[in-house]
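> Input file: target-v1.csv. Contents: CSV, C-alpha atoms.
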chain,number,residue,atom,x,y,z
A,1,MET,CA,134.8,128.9,128.2
A,2,GLU,CA,133.6,128.2,124.7
A,3,GLN,CA,131.1,130.5,123.4
A,4,GLN,CA,127.8,128.7,122.6
A,5,ALA,CA,126.4,129.0,119.1
A,6,GLN,CA,124.4,132.2,119.0
A,7,LEU,CA,120.8,132.1,117.8
A,8,LYS,CA,120.6,134.6,115.0
A,9,ASP,CA,119.5,134.8,111.4
A,10,GLY,CA,122.0,132.8,109.4
A,11,ARG,CA,122.7,130.2,112.1
A,12,VAL,CA,122.9,126.7,110.7
A,13,ALA,CA,121.0,124.0,112.8
A,14,LEU,CA,120.5,120.3,112.7
A,15,VAL,CA,117.0,119.0,112.9
A,16,ASN,CA,116.9,116.4,115.7
A,17,TYR,CA,113.3,115.3,115.7
A,18,GLY,CA,110.5,114.6,113.2
A,19,LYS,CA,110.1,114.0,109.6
A,20,ASP,CA,113.3,116.0,108.6
A,21,TYR,CA,115.5,114.3,111.1
A,22,GLY,CA,119.2,114.7,110.4
A,23,LYS,CA,118.9,117.6,107.9
A,24,LEU,CA,120.9,120.8,108.0
A,25,VAL,CA,118.8,123.9,107.9
A,26,VAL,CA,119.4,127.6,108.2
A,27,ILE,CA,117.5,129.8,110.6
A,28,VAL,CA,116.3,132.7,108.5
A,29,ASP,CA,114.1,134.4,111.1
A,30,VAL,CA,112.9,134.1,114.6
A,31,LEU,CA,109.2,134.1,114.9
A,32,ASP,CA,108.6,134.2,118.6
A,33,GLN,CA,110.1,132.8,121.8
A,34,ASN,CA,109.7,129.2,120.7
A,35,ARG,CA,109.8,129.1,116.9
A,36,ALA,CA,112.1,129.9,114.1
A,37,LEU,CA,111.6,130.2,110.4
A,38,ILE,CA,114.0,127.8,108.7
A,39,ASN,CA,115.0,127.2,105.1
A,40,ALA,CA,117.2,124.7,103.4
A,41,PRO,CA,118.1,124.1,99.7
A,42,ASP,CA,115.9,121.0,99.5
A,43,MET,CA,113.0,122.2,101.7
A,44,VAL,CA,110.2,124.6,101.5
A,45,ARG,CA,110.7,127.5,103.9
A,46,SER,CA,108.8,126.6,107.1
A,47,GLN,CA,108.5,127.2,110.8
A,48,MET,CA,110.0,124.8,113.4
A,49,ASN,CA,110.2,124.8,117.1
A,50,PHE,CA,113.6,125.4,118.6
A,51,LYS,CA,113.2,122.2,120.5
A,52,ARG,CA,113.5,120.4,117.3
A,53,LEU,CA,116.7,122.1,116.4
A,54,SER,CA,120.3,121.6,117.6
A,55,LEU,CA,122.4,124.7,116.8
A,56,ILE,CA,125.6,124.1,115.0
A,57,ASP,CA,128.8,126.1,115.1
A,58,ILE,CA,128.4,127.3,111.5
A,59,LYS,CA,127.0,130.7,110.4
A,60,ILE,CA,126.2,132.1,107.0
A,61,ASP,CA,126.0,135.6,106.0
A,62,ILE,CA,122.4,136.5,105.0
A,63,ASN,CA,119.8,139.1,105.5
A,64,ARG,CA,116.6,138.4,107.3
A,65,VAL,CA,114.6,135.8,105.3
A,66,PRO,CA,116.5,135.7,102.0
A,67,ARG,CA,115.2,134.4,98.8
A,68,LYS,CA,116.0,130.7,98.1
A,69,LYS,CA,118.6,131.7,95.5
A,70,SER,CA,120.5,134.0,97.7
A,71,LEU,CA,120.3,131.5,100.5
A,72,ILE,CA,121.9,128.8,98.3
A,73,GLU,CA,124.6,131.3,97.2
A,74,ALA,CA,125.4,132.2,100.8
A,75,MET,CA,125.6,128.6,101.8
A,76,GLU,CA,128.0,127.9,99.0
A,77,LYS,CA,130.1,130.9,100.0
A,78,ALA,CA,130.3,129.8,103.6
A,79,ASP,CA,131.0,126.2,102.4
A,80,VAL,CA,128.5,124.8,104.9
A,81,LYS,CA,128.5,121.3,103.6
A,82,ASN,CA,132.3,120.7,103.8
A,83,LYS,CA,132.7,122.5,107.1
A,84,TRP,CA,130.0,120.2,108.5
A,85,GLU,CA,131.4,117.0,107.1
A,86,ASN,CA,134.8,117.8,108.4
A,87,SER,CA,133.7,118.8,111.9
A,88,SER,CA,133.9,116.1,114.5
A,89,TRP,CA,130.1,116.1,115.1
A,90,GLY,CA,129.5,115.8,111.4
A,91,LYS,CA,132.0,113.0,111.0
A,92,LYS,CA,130.3,111.1,113.9
A,93,LEU,CA,126.9,111.3,112.2
A,94,ILE,CA,128.3,110.0,108.9
A,95,VAL,CA,129.8,107.0,110.7
A,96,GLN,CA,126.5,106.4,112.5
A,97,LYS,CA,124.7,106.4,109.1
A,98,ARG,CA,127.2,104.0,107.6
A,99,ARG,CA,127.0,101.6,110.6
A,100,ALA,CA,123.2,101.6,110.4
A,101,ALA,CA,123.3,100.6,106.7
A,102,LEU,CA,125.6,97.7,107.2
A,103,ASN,CA,124.7,94.4,105.4
A,104,ASP,CA,124.8,91.1,107.3
A,105,PHE,CA,128.0,90.3,105.4
A,106,ASP,CA,129.4,93.7,106.3
A,107,ARG,CA,128.7,93.1,109.9
A,108,PHE,CA,130.5,89.7,109.7
A,109,LYS,CA,133.5,91.3,108.1
A,110,LEU,CA,133.5,94.0,110.8
A,111,MET,CA,133.5,91.3,113.4
A,112,LEU,CA,136.5,89.6,111.9
A,113,ALA,CA,138.3,92.9,111.7
A,114,LYS,CA,137.6,93.7,115.3
A,115,ILE,CA,138.9,90.3,116.3
A,116,LYS,CA,142.0,90.8,114.3
A,117,LYS,CA,142.6,94.2,115.7
A,118,GLY,CA,142.1,92.9,119.2
A,119,GLY,CA,144.5,90.1,118.5
A,120,LEU,CA,147.2,92.5,117.3
A,121,ILE,CA,146.8,94.7,120.3
A,122,ARG,CA,147.1,91.7,122.6
A,123,GLN,CA,150.2,90.6,120.8
A,124,GLU,CA,151.9,94.0,121.3
A,125,LEU,CA,150.8,94.1,124.9
A,126,ALA,CA,152.3,90.6,125.5
A,127,LYS,CA,155.5,91.8,123.9
A,128,LEU,CA,155.6,94.8,126.1
A,129,LYS,CA,154.9,92.8,129.2
A,130,LYS,CA,157.7,90.4,128.4
A,131,GLU,CA,160.1,93.3,127.9
A,132,ASN,CA,159.1,94.8,131.2
A,133,ALA,CA,159.3,91.5,133.0
A,134,ALA,CA,162.8,90.9,131.7
B,1,MET,CA,70.5,74.4,66.0
B,2,ALA,CA,72.8,76.4,63.7
B,3,PRO,CA,76.5,75.4,63.8
B,4,LYS,CA,78.7,77.5,66.2
B,5,ALA,CA,80.8,80.4,64.8
B,6,ALA,CA,84.4,79.6,64.1
B,7,THR,CA,86.8,80.4,66.9
B,8,GLY,CA,88.0,84.0,66.9
B,9,ARG,CA,85.0,85.2,64.9
B,10,THR,CA,83.0,88.0,66.6
B,11,SER,CA,79.2,88.3,66.2
B,12,ARG,CA,78.0,89.9,63.0
B,13,ASN,CA,75.2,91.4,64.9
B,14,PRO,CA,76.4,94.3,67.0
B,15,ASP,CA,74.5,95.0,70.2
B,16,LEU,CA,72.5,98.2,70.4
B,17,ILE,CA,71.9,97.5,74.0
B,18,ARG,CA,72.6,94.3,75.8
B,19,GLY,CA,70.0,91.9,74.5
B,20,VAL,CA,69.0,93.9,71.5
B,21,GLY,CA,70.8,93.4,68.2
B,22,LYS,CA,71.0,95.8,65.4
B,23,PHE,CA,69.8,93.5,62.7
B,24,SER,CA,66.6,91.5,62.5
B,25,ARG,CA,66.3,87.8,62.1
B,26,SER,CA,65.8,88.0,58.3
B,27,LYS,CA,68.7,90.4,58.0
B,28,MET,CA,70.9,88.0,59.9
B,29,TYR,CA,69.8,85.1,57.7
B,30,HIS,CA,71.2,87.0,54.8
B,31,LYS,CA,74.3,88.1,56.6
B,32,ARG,CA,75.2,84.7,57.7
B,33,GLY,CA,74.8,83.3,54.2
B,34,LEU,CA,72.3,80.6,55.2
B,35,TRP,CA,70.7,81.1,51.8
B,36,ALA,CA,74.0,80.2,50.2
B,37,ILE,CA,74.5,77.2,52.4
B,38,LYS,CA,71.0,76.0,51.5
B,39,ALA,CA,71.5,76.6,47.8
B,40,LYS,CA,74.7,74.6,47.9
B,41,ASN,CA,72.8,71.7,49.6
B,42,GLY,CA,69.8,71.7,47.2
B,43,GLY,CA,67.4,74.0,49.0
B,44,VAL,CA,67.6,72.2,52.3
B,45,PHE,CA,69.8,72.9,55.3
B,46,PRO,CA,72.6,70.2,55.5
B,47,LYS,CA,72.0,67.6,58.1
B,48,HIS,CA,74.8,65.7,59.8
B,49,ASP,CA,74.0,62.2,61.1
B,50,PRO,CA,74.9,61.9,64.7
B,51,LYS,CA,78.2,60.0,65.3
B,52,PRO,CA,77.6,56.4,66.2
B,53,ALA,CA,77.8,56.2,70.0
B,54,ALA,CA,80.5,53.9,71.3
B,55,ALA,CA,79.2,50.5,72.3
B,56,GLU,CA,78.4,50.7,76.0
B,57,THR,CA,79.9,48.0,78.1
B,58,PRO,CA,77.2,46.4,80.2
B,59,ALA,CA,77.5,48.1,83.6
B,60,LYS,CA,78.0,45.7,86.6
B,61,PRO,CA,75.4,46.3,89.3
B,62,PRO,CA,77.2,47.7,92.3
B,63,LYS,CA,78.0,45.3,95.2
B,64,PHE,CA,76.7,47.7,97.8
B,65,TYR,CA,73.8,50.2,97.9
B,66,PRO,CA,74.1,52.6,100.8
B,67,ALA,CA,71.1,52.6,103.1
B,68,ASP,CA,70.6,56.4,103.1
B,69,ASP,CA,71.2,58.7,100.3
B,70,VAL,CA,74.8,59.8,100.3
B,71,LYS,CA,75.3,63.4,99.4
B,72,LYS,CA,77.9,64.0,96.8
B,73,PRO,CA,80.4,66.7,97.9
B,74,LEU,CA,80.5,69.8,95.6
B,75,ALA,CA,83.2,69.7,93.0
B,76,ASN,CA,86.1,71.9,94.0
B,77,LYS,CA,88.0,73.0,90.9
B,78,ARG,CA,90.1,75.6,92.7
B,79,LYS,CA,93.8,75.8,91.7
B,80,HIS,CA,96.5,77.3,93.8
B,81,LYS,CA,98.3,80.2,92.4
B,82,PRO,CA,102.1,79.7,92.0
B,83,THR,CA,103.9,80.9,95.1
B,84,LYS,CA,105.2,84.4,94.7
B,85,LEU,CA,108.9,84.7,95.2
B,86,ARG,CA,110.0,87.7,97.2
B,87,ALA,CA,111.7,90.3,95.1
B,88,SER,CA,114.8,90.2,97.4
B,89,ILE,CA,115.4,86.5,96.6
B,90,THR,CA,117.2,86.0,93.3
B,91,PRO,CA,119.3,83.0,92.2
B,92,GLY,CA,122.6,83.2,94.0
B,93,THR,CA,121.3,85.2,97.0
B,94,VAL,CA,122.7,84.2,100.4
B,95,LEU,CA,119.8,83.3,102.7
B,96,ILE,CA,119.7,82.9,106.4
B,97,LEU,CA,117.7,79.8,107.5
B,98,LEU,CA,115.6,80.6,110.5
B,99,ALA,CA,114.2,77.2,111.6
B,100,GLY,CA,114.9,73.5,111.5
B,101,ARG,CA,118.1,71.5,111.8
B,102,PHE,CA,120.2,74.2,110.0
B,103,MET,CA,118.8,77.1,111.9
B,104,GLY,CA,121.1,80.1,111.6
B,105,LYS,CA,123.1,78.7,108.7
B,106,ARG,CA,123.8,81.0,105.7
B,107,VAL,CA,123.1,79.2,102.5
B,108,VAL,CA,123.0,79.9,98.8
B,109,PHE,CA,119.7,80.1,97.0
B,110,LEU,CA,119.6,78.1,93.7
B,111,LYS,CA,116.1,78.2,92.3
B,112,GLN,CA,112.4,78.1,93.2
B,113,LEU,CA,110.8,74.7,92.6
B,114,THR,CA,107.3,74.2,91.2
B,115,SER,CA,105.9,73.5,94.6
B,116,GLY,CA,107.0,77.0,95.7
B,117,LEU,CA,109.8,75.8,97.9
B,118,LEU,CA,113.3,77.2,97.5
B,119,LEU,CA,116.1,74.9,96.5
B,120,VAL,CA,119.2,75.8,98.5
B,121,THR,CA,122.7,74.4,99.1
B,122,GLY,CA,125.3,75.1,101.8
B,123,PRO,CA,127.5,74.4,99.8
B,124,PHE,CA,127.9,71.1,101.7
B,125,LYS,CA,131.6,71.3,102.0
B,126,VAL,CA,131.4,74.8,103.5
B,127,ASN,CA,128.7,74.5,106.1
B,128,GLY,CA,127.2,71.1,105.9
B,129,VAL,CA,123.9,72.1,104.4
B,130,PRO,CA,123.1,69.7,101.4
B,131,LEU,CA,120.8,70.3,98.5
B,132,ARG,CA,117.7,71.0,100.4
B,133,ARG,CA,114.2,72.4,100.0
B,134,VAL,CA,113.3,75.3,102.2
B,135,ASN,CA,110.2,77.4,102.7
B,136,GLN,CA,110.4,81.0,101.8
B,137,SER,CA,108.8,82.1,105.1
B,138,TYR,CA,111.5,80.6,107.2
B,139,VAL,CA,114.3,82.5,105.5
B,140,ILE,CA,115.9,86.0,105.7
B,141,ALA,CA,117.2,87.2,102.4
B,142,THR,CA,120.5,89.2,102.5
B,143,SER,CA,121.8,91.4,99.8
B,144,THR,CA,124.9,89.3,99.3
B,145,LYS,CA,124.9,87.4,96.0
B,146,VAL,CA,127.0,84.6,94.7
B,147,ASP,CA,127.5,84.0,91.0
B,148,ILE,CA,125.7,80.7,90.1
B,149,SER,CA,125.7,81.2,86.3
B,150,GLY,CA,127.7,78.1,85.7
B,151,VAL,CA,125.5,75.7,87.7
B,152,ASP,CA,123.1,73.3,85.9
B,153,LEU,CA,120.0,73.0,87.9
B,154,GLY,CA,117.8,71.3,85.3
B,155,LYS,CA,117.6,67.9,87.0
B,156,PHE,CA,116.4,69.2,90.4
B,157,ASP,CA,112.7,69.3,91.0
B,158,ASP,CA,110.3,68.3,93.7
B,159,GLN,CA,110.3,64.6,92.6
B,160,TYR,CA,114.0,64.4,93.2
B,161,PHE,CA,113.4,65.0,96.9
B,162,GLU,CA,110.4,62.6,97.2
B,163,LYS,CA,110.8,59.8,99.7
B,164,GLU,CA,111.4,56.4,98.1
B,165,ALA,CA,108.2,54.4,98.2
B,166,GLU,CA,108.6,51.7,100.8
B,167,LYS,CA,107.6,48.3,99.7
B,168,LYS,CA,104.6,47.1,101.7
B,169,LYS,CA,105.6,44.4,104.2
B,170,LYS,CA,103.1,41.7,104.7
B,171,LYS,CA,102.2,41.3,108.3
B,172,GLY,CA,103.6,38.2,109.9
B,173,GLU,CA,104.8,37.3,113.3
B,174,GLY,CA,108.4,36.7,112.2
B,175,GLU,CA,108.4,40.1,110.5
B,176,PHE,CA,107.6,42.0,113.7
B,177,PHE,CA,110.8,40.8,115.3
B,178,GLU,CA,112.9,41.3,112.2
B,179,ALA,CA,111.7,44.8,111.7
B,180,GLU,CA,113.4,45.8,115.0
B,181,LYS,CA,116.8,45.9,113.3
B,182,GLU,CA,116.1,48.9,111.1
B,183,GLU,CA,118.2,49.5,108.1
B,184,LYS,CA,120.2,52.7,108.2
B,185,LYS,CA,119.1,55.0,105.4
B,186,VAL,CA,122.1,55.7,103.3
B,187,LEU,CA,122.2,58.5,100.7
B,188,PRO,CA,122.6,56.9,97.3
B,189,ASP,CA,125.8,57.7,95.5
B,190,ASP,CA,124.3,59.5,92.6
B,191,LYS,CA,122.8,62.1,94.9
B,192,LYS,CA,126.2,62.6,96.5
B,193,ASP,CA,127.6,63.2,93.0
B,194,ASP,CA,124.9,65.7,92.2
B,195,GLN,CA,125.8,67.6,95.4
B,196,LYS,CA,129.5,67.6,94.4
B,197,THR,CA,128.9,68.9,90.8
B,198,VAL,CA,126.6,71.7,92.0
B,199,ASP,CA,129.0,72.7,94.8
B,200,ALA,CA,132.2,72.6,92.7
B,201,GLN,CA,131.0,75.5,90.6
B,202,LEU,CA,129.7,77.4,93.6
B,203,ILE,CA,132.8,77.1,95.7
B,204,LYS,CA,134.9,78.6,92.9
B,205,SER,CA,132.6,81.7,92.9
B,206,ILE,CA,132.6,81.8,96.7
B,207,GLU,CA,136.4,81.7,97.1
B,208,ALA,CA,136.7,84.6,94.7
B,209,VAL,CA,135.2,86.9,97.3
B,210,LEU,CA,137.2,87.7,100.4
B,211,ASP,CA,135.8,86.3,103.6
B,212,LEU,CA,132.7,84.9,101.9
B,213,LYS,CA,133.6,81.3,102.7
B,214,THR,CA,134.1,82.0,106.4
B,215,TYR,CA,130.9,84.0,106.3
B,216,LEU,CA,129.0,81.0,104.9
B,217,SER,CA,130.5,78.6,107.4
B,218,ALA,CA,129.5,80.7,110.3
B,219,ARG,CA,126.0,80.6,111.8
B,220,PHE,CA,123.9,83.7,112.3
B,221,TYR,CA,122.9,84.3,115.9
B,222,SER,CA,121.2,87.0,117.9
B,223,GLU,CA,121.7,88.2,121.4
B,224,PRO,CA,119.6,90.5,123.5
B,225,GLN,CA,122.2,93.3,123.2
B,226,PHE,CA,121.8,93.3,119.4
B,227,PHE,CA,119.1,95.6,118.3
B,228,ILE,CA,118.1,93.2,115.6
B,229,SER,CA,115.1,95.2,114.7
B,230,LYS,CA,117.6,97.9,113.6
B,231,PHE,CA,119.7,95.4,111.6
B,232,CYS,CA,119.7,96.0,107.9
B,233,PHE,CA,119.8,92.8,105.7
B,234,MET,CA,119.3,94.5,102.4
B,235,GLU,CA,121.3,97.5,101.7
Represent the structure of the file as structure tokens.


Amino acid sequence: MEQQAQLKDGRVALVNYGKDYGKLVVIVDVLDQNRALINAPDMVRSQMNFKRLSLIDIKIDINRVPRKKSLIEAMEKADVKNKWENSSWGKKLIVQKRRAALNDFDRFKLMLAKIKKGGLIRQELAKLKKENAA
Amino acid sequence: MAPKAATGRTSRNPDLIRGVGKFSRSKMYHKRGLWAIKAKNGGVFPKHDPKPAAAETPAKPPKFYPADDVKKPLANKRKHKPTKLRASITPGTVLILLAGRFMGKRVVFLKQLTSGLLLVTGPFKVNGVPLRRVNQSYVIATSTKVDISGVDLGKFDDQYFEKEAEKKKKKGEGEFFEAEKEEKKVLPDDKKDDQKTVDAQLIKSIEAVLDLKTYLSARFYSEPQFFISKFCFME
């Protein structure tokens, strides 16, 4: 069984609710049973309820509540951004964002591409059916 | 009274407080040089004879006096402000028509007319929408743009689209029966040529972009499974 992402200082999490939805943050301290102190390069250090966070499988090496500068250094060292963007979860989110931002023309082109793809698949399938029948 | 100050000239008598000038009457007399004007005219202020009034044509007495006093409606000098064009709509923008005969069609915006309506065209060959006026409120602007720099739109204005004034038919019995066979309204040839010249340039720009022609010939439609409120029309 896969080990779940452990809740510790240095755990990277995704905000899944609220104003900072979709941001990657680092848990720098645990305040009590429900809340964590979080920090991110583009945020002010603040508290957030665990219910608003989805833990990610990435960890960085920091002490409890590091300064912003050392936090950013640690994130660079652990290469959080690239690891996230190459993970399957991260890739899915990127695709979701791209789909949401599609223009009307883009949606039309997408529809044409889907039709074309479906057509090719059906062609191949028809070929295989013919071969099998023969 | 004294002649008015020339246009652009401010008062020579600055206000201390509203209604109270800095200089007295005698000081102002000096400042305005009225003494010099009088001296030029021999000690007297120059008089100008009133211009001879134009000869009044004898007014005809009205045929009809109303029994009661008729109130004159108050004069309304209000002027409409020119219709503001949405920032997302610029010449060459592809618009989606939302109402009317061409509902759902994607058309190219050409320019805004003085009445505030938008001049659009299909182009006609692509989707059957002719040069047409459309209200801004019944349109979704997309962020797709077509290059219309080569198109001359000088001759298109609201008058171009006015209905031709029908000649008044005198009422007569014979006319009633003849009026049954209505003439079919045919679009005059010069309007067809206008459409062709405008579209020729547009179609070149459209064919330069991949899939744009098919896009414009298709209609926009919505189904319940589309979350159209989440659709993004501008990037």

> Within 12 Å of Ala141 of chain B, counting all atoms listed in the file, which residues qualify if same-chain residues fewer than 2 places away don't, as an mmCIF file with C-alpha atoms, keeping the file's coordinate frame?


data_model
loop_
_atom_site.group_PDB
_atom_site.id
_atom_site.type_symbol
_atom_site.label_atom_id
_atom_site.label_comp_id
_atom_site.auth_asym_id
_atom_site.auth_seq_id
_atom_site.Cartn_x
_atom_site.Cartn_y
_atom_site.Cartn_z
ATOM 1 C CA ASN A 103 124.700 94.400 105.400
ATOM 2 C CA ASP A 104 124.800 91.100 107.300
ATOM 3 C CA PHE A 105 128.000 90.300 105.400
ATOM 4 C CA LEU B 85 108.900 84.700 95.200
ATOM 5 C CA ARG B 86 110.000 87.700 97.200
ATOM 6 C CA ALA B 87 111.700 90.300 95.100
ATOM 7 C CA SER B 88 114.800 90.200 97.400
ATOM 8 C CA ILE B 89 115.400 86.500 96.600
ATOM 9 C CA THR B 90 117.200 86.000 93.300
ATOM 10 C CA PRO B 91 119.300 83.000 92.200
ATOM 11 C CA GLY B 92 122.600 83.200 94.000
ATOM 12 C CA THR B 93 121.300 85.200 97.000
ATOM 13 C CA VAL B 94 122.700 84.200 100.400
ATOM 14 C CA LEU B 95 119.800 83.300 102.700
ATOM 15 C CA ILE B 96 119.700 82.900 106.400
ATOM 16 C CA LEU B 97 117.700 79.800 107.500
ATOM 17 C CA LEU B 98 115.600 80.600 110.500
ATOM 18 C CA ARG B 106 123.800 81.000 105.700
ATOM 19 C CA VAL B 107 123.100 79.200 102.500
ATOM 20 C CA VAL B 108 123.000 79.900 98.800
ATOM 21 C CA PHE B 109 119.700 80.100 97.000
ATOM 22 C CA LEU B 118 113.300 77.200 97.500
ATOM 23 C CA GLN B 136 110.400 81.000 101.800
ATOM 24 C CA SER B 137 108.800 82.100 105.100
ATOM 25 C CA TYR B 138 111.500 80.600 107.200
ATOM 26 C CA VAL B 139 114.300 82.500 105.500
ATOM 27 C CA SER B 143 121.800 91.400 99.800
ATOM 28 C CA THR B 144 124.900 89.300 99.300
ATOM 29 C CA LYS B 145 124.900 87.400 96.000
ATOM 30 C CA CYS B 232 119.700 96.000 107.900
ATOM 31 C CA PHE B 233 119.800 92.800 105.700
ATOM 32 C CA MET B 234 119.300 94.500 102.400
ATOM 33 C CA GLU B 235 121.300 97.500 101.700
#

> Just the number, please: distance in Å from atom CA of Gln112 of chain B to atom CA of Lys81 of chain B, one decimal.

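Computed distance, atom CA of Gln112 of chain B to atom CA of Lys81 of chain B, equals 14.3 Å.
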
> Rounded to one decimal place, report the atom CA of Ile206 of chain B-atom CA of Ala99 of chain B distance in Å.

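Computing it gives 24.1 Å between the two atoms.
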
> Could you list, with a cut-off of 12 Å and counting only C-alpha atoms, the residues of chain A near chain B, each shown with its nearest atom pair and the distance in Å rounded to one decimal, rows sorted by chain and ascending number, as a tab-separated table?


residue	atom	partner	partner_atom	distance
A:Lys97	CA	B:Cys232	CA	11.6
A:Arg98	CA	B:Glu235	CA	10.6
A:Arg99	CA	B:Cys232	CA	9.6
A:Ala100	CA	B:Cys232	CA	7.1
A:Ala101	CA	B:Cys232	CA	6.0
A:Leu102	CA	B:Cys232	CA	6.2
A:Asn103	CA	B:Phe233	CA	5.2
A:Asp104	CA	B:Phe233	CA	5.5
A:Phe105	CA	B:Thr144	CA	6.9
A:Asp106	CA	B:Thr144	CA	9.4
A:Arg107	CA	B:Phe231	CA	9.4
A:Phe108	CA	B:Tyr215	CA	6.6
A:Lys109	CA	B:Asp211	CA	7.1
A:Leu110	CA	B:Asp211	CA	10.8
A:Met111	CA	B:Tyr215	CA	10.5
A:Leu112	CA	B:Asp211	CA	9.0
A:Ala113	CA	B:Asp211	CA	10.7

> Determine, counting all atoms listed in the file, which protein, DNA and RNA residues have an atom within 12 Å of an atom of segment 17-20 of chain A; residues of the same chain fewer than 2 positions away are not included. Present the result as a VMD selection string.

chain A and resid 13 to 15 22 to 25 38 to 40 42 to 44 46 48 to 54

> Would you mind reading off the distance between atom CA of Asp193 of chain B and atom CA of Met103 of chain B, one decimal, in Å?

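So the two atoms, atom CA of Asp193 of chain B and atom CA of Met103 of chain B, lie 25.1 Å apart.
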
> Name the residues in contact with segment 21-26 of chain B at a cut-off of 12 Å, using only C-alpha atoms, excluding same-chain residues fewer than 6 positions from it; report them as a VMD selection string.

chain B and resid 11 to 15 32 to 35

> Using only C-alpha atoms, which residues sit within 12 Å of Asp32 of chain A once same-chain residues fewer than 2 positions away are excluded, as a PyMOL selection string?

chain A and resi 29-30+34-37+47-50

> Nearest to Val26 of chain A among A:Gly119, A:Pro41, A:Gly90, A:Gly10, with distances taken over only C-alpha atoms: which residue is it?

A:Gly10

> Can you pull out the residues contacting Val12 of chain A? Cut-off 8 Å, using all atoms listed in the file, and skip same-chain residues under 4 positions away; I want them as a PDB file with C-alpha atoms, keeping the file's coordinate frame.


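Output saved as around-v4.pdb:
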ATOM      1  CA  LEU A  24     120.900 120.800 108.000  1.00  0.00           C
ATOM      2  CA  VAL A  25     118.800 123.900 107.900  1.00  0.00           C
ATOM      3  CA  VAL A  26     119.400 127.600 108.200  1.00  0.00           C
ATOM      4  CA  ILE A  27     117.500 129.800 110.600  1.00  0.00           C
ATOM      5  CA  LEU A  55     122.400 124.700 116.800  1.00  0.00           C
ATOM      6  CA  ILE A  56     125.600 124.100 115.000  1.00  0.00           C
ATOM      7  CA  ASP A  57     128.800 126.100 115.100  1.00  0.00           C
ATOM      8  CA  ILE A  58     128.400 127.300 111.500  1.00  0.00           C
ATOM      9  CA  LYS A  59     127.000 130.700 110.400  1.00  0.00           C
ATOM     10  CA  ILE A  60     126.200 132.100 107.000  1.00  0.00           C
TER      11      ILE A  60
END
